[in-house]
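Comments concern the structure below.
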Amino acid sequence: MPAGSVYWITLRPPCGPRGRPARLPGRMSGVNDKSADWRGHVIVCGLRGVGLRIVEQLRPSGVQVVVVDDNPDVRLARVLIGWGIPHIAGSSRAAQTLAEAGLAGAMAVVCAEEDDMHTLETALLTRELRGDVRVVVQLRNPAVGRALTGIGVSVLDVAGLSAPSIVEACLRSGGQEIRLAGEHFVAARSVAPRTASLRAMYGALAPIAIARAADGEVLVCPARDQEVSGGDVVTVLGTPDELAAAGVSLGGERPAGSAPAAGGRRIRYLRHLGVSILHAADRRLASALAALFVVLIASTVVLRITYLAGGGRRISVLDAAYFTVETVTTVGFGDFAFRGQAPGLMIAAICLMLLGAMFVAVFFAMVTNMLISRRIEESLGRQRITGLTGHVLVIGLGSVGIQVVERLLAAGSDVVVIDKNENNRYLGQARALGVPVVIADATLPQTLESVRLGSASAVAVLTSDDLANLETGLAVRDQLGARWEHTPVVLRLFDRQLARSVKHNFGFAFVRSTAALAAPWFVGAALGLDVLNTFYAGNELLLVARLTVTPGGGLHGLAMRDLAARTRVLAISRSKDGGYLEHPPRRGTRFHAGDQAYLIGPYEELLAVLRRDSAQAGAAPLFWPGGATLRAPQDPPRGASRSE
């Protein structure tokens, strides 16, 4: 593309004259640079869903970004123009398009396409054209993902990356499990019991965040001498033993990923089955069973009074009951017979045989009908959930929903799913896990009543549509009534401004964006920052990442106290001491070349640390020379499409 040229992107805005589609002109940012000569930039393929969040989070790092999308949304394209991000309207599966995007000098290629086949083609083509570039892709298919990993492609799944935070909010487990150099740590939340300094209450535990009870303000990575007030929610990190020694409890919840006791699960299943059968039984079945019992009791009484055994003796009540059941079930062992008895008794025996056979047949027919009907209702997702208490209600069975269901089951929770689509691709997988799936509209009060919302311990609203999620969340709030304040309702929203407004105006405490949770993993993989975990502290999204200190870089020899205030070093794996894990490091501790530093903080701060480490003499610049003038991030337009 000639330098300084204006390119046209054919989008889908309202039609122009004579029904022809209008065109939106846009100018490439940095128009004096030729794409083939670009160096150190990141190519992002696919703008919808997590793609826009990746671009948004790359901008604060100073990295130049080029977006490739052959079917752009007009609203998203306008956001790119506002950010000054170049956009090439072409297919990432074409070598010419990647060449125009500057693949020859690119630092990384991130493919965030929603279609797995599109992603696969782009990844393979990129690897063929340039074998040394970092390739990071979003992929849901595990088999294809393993194959791509084998050729050096970083494969990430948005659903898998975001599900742990949603599960933690549902279970209120109070902690996020983190592995640092193979050692087990937990980021645990604790309510400050009194006004005191962090050091006085939590000792050597690393403070991560404070959520003020008074105004909801979140302080990230505070100093240990920071004073907190009673009721403030403090997030601290330590090993389980350190947390126990400091009196920090995880609330007694089973950590996500641990297996529940098999006996407890079987007991819950049998209880649920028994209660479900009782509720499924109708009046006809009860009437048939009652009539059968009347016949059996009457026959037993008649036989006890009138039947004469050998020697003219009367039979016992037990023998009479045995003879009655033997006759009704047409077994006939020959130990009792009506031959030779009084004519009246023989007539009664004929009636007993006819009535007994009829009532037994009717009873078993109704039982069979009940069981088959129950099975059909389960397969269609129309059964009424009975006997469940403390279950988690998952609304929306997409790629995120099924991951949340699996993790909740692994944590030992009962789960009920609601989804509107009877052709949902994940229905078979959910039913194979033994999860009841109800095909219905979750915004209707009768649907929420049928899944026992009133006795649910948590609700996760996880469809891929913001408006549907908000409508469902409000319906859940209305039906919960007084339990609203005590039942966590996790709401999935893509639009950040909408999420802030919903939390402020409607009182939703747990609003999660799967794209915001997953985007840092893609950014880290593209820039060389190994993201280990993402979670929320109050309203603040925090990252745990691993960074290898570059010899001669900006971190080499730097003391802990000289890092940014909103960044904390959790531990350092020393390269010269056989990988010894120093935890927690002192303020005067210094980085050495080859050390692996485990950091926590907002993604902007961690990217600043990465940029500082990469600033070394004689090395190719990691960031765009001169750096673009960065504006404050804008929110993507409401209603923008997003991935499942």
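Chain labels follow the order of the structure tokens: the first chain is A, the next B, and so on; residue numbering restarts at 1 in every chain, and ligands are counted from 1 in their shown order.
The protein and nucleic acid residues lying at most 9 Å from A:Val153 are A:Ala123, A:Arg127, A:Arg134, A:Val135, A:Val136, A:Val137, A:Gly145, A:Ala147, A:Leu148, A:Thr149, A:Gly150, with only C-alpha atoms considered and sequence neighbours fewer than 3 positions away removed.
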| DSSP strand (DSSP E) selection over stretch 397-529 of chain A, as a list in words | Val415, Val416, Val417, Ile418, Asp419, Val437, Val438, Ile439, Ala458, Val459, Ala460, Val461, Val489, Val490, Leu491, Arg492, Phe510, Val511 and Arg512 of chain A
Give me, as a PDB file with N, CA, C and O atoms, in the first residue's frame, all polymer residues having an atom no more than 8 Å from stretch 446-448 of chain A, counting only C-alpha atoms and skipping those fewer than 6 positions away in the same chain.
ATOM      1  N   ALA A 440     -35.618 -23.568  28.256  1.00  0.00           N
ATOM      2  CA  ALA A 440     -36.674 -22.600  28.541  1.00  0.00           C
ATOM      3  C   ALA A 440     -36.080 -21.200  28.556  1.00  0.00           C
ATOM      4  O   ALA A 440     -34.862 -21.019  28.471  1.00  0.00           O
ATOM      5  N   VAL A 476     -33.803 -12.449  37.682  1.00  0.00           N
ATOM      6  CA  VAL A 476     -33.327 -13.217  38.831  1.00  0.00           C
ATOM      7  C   VAL A 476     -33.389 -12.367  40.098  1.00  0.00           C
ATOM      8  O   VAL A 476     -33.812 -12.843  41.164  1.00  0.00           O
ATOM      9  N   GLN A 479     -36.960 -12.178  41.365  1.00  0.00           N
ATOM     10  CA  GLN A 479     -37.465 -13.418  41.940  1.00  0.00           C
ATOM     11  C   GLN A 479     -36.782 -13.776  43.258  1.00  0.00           C
ATOM     12  O   GLN A 479     -37.380 -14.435  44.103  1.00  0.00           O
TER      13      GLN A 479
END
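Closest approach to A:Gly51 among A:Ala516, A:Ala286, A:Leu354, A:Ala223: A:Ala516, based on only C-alpha atoms.
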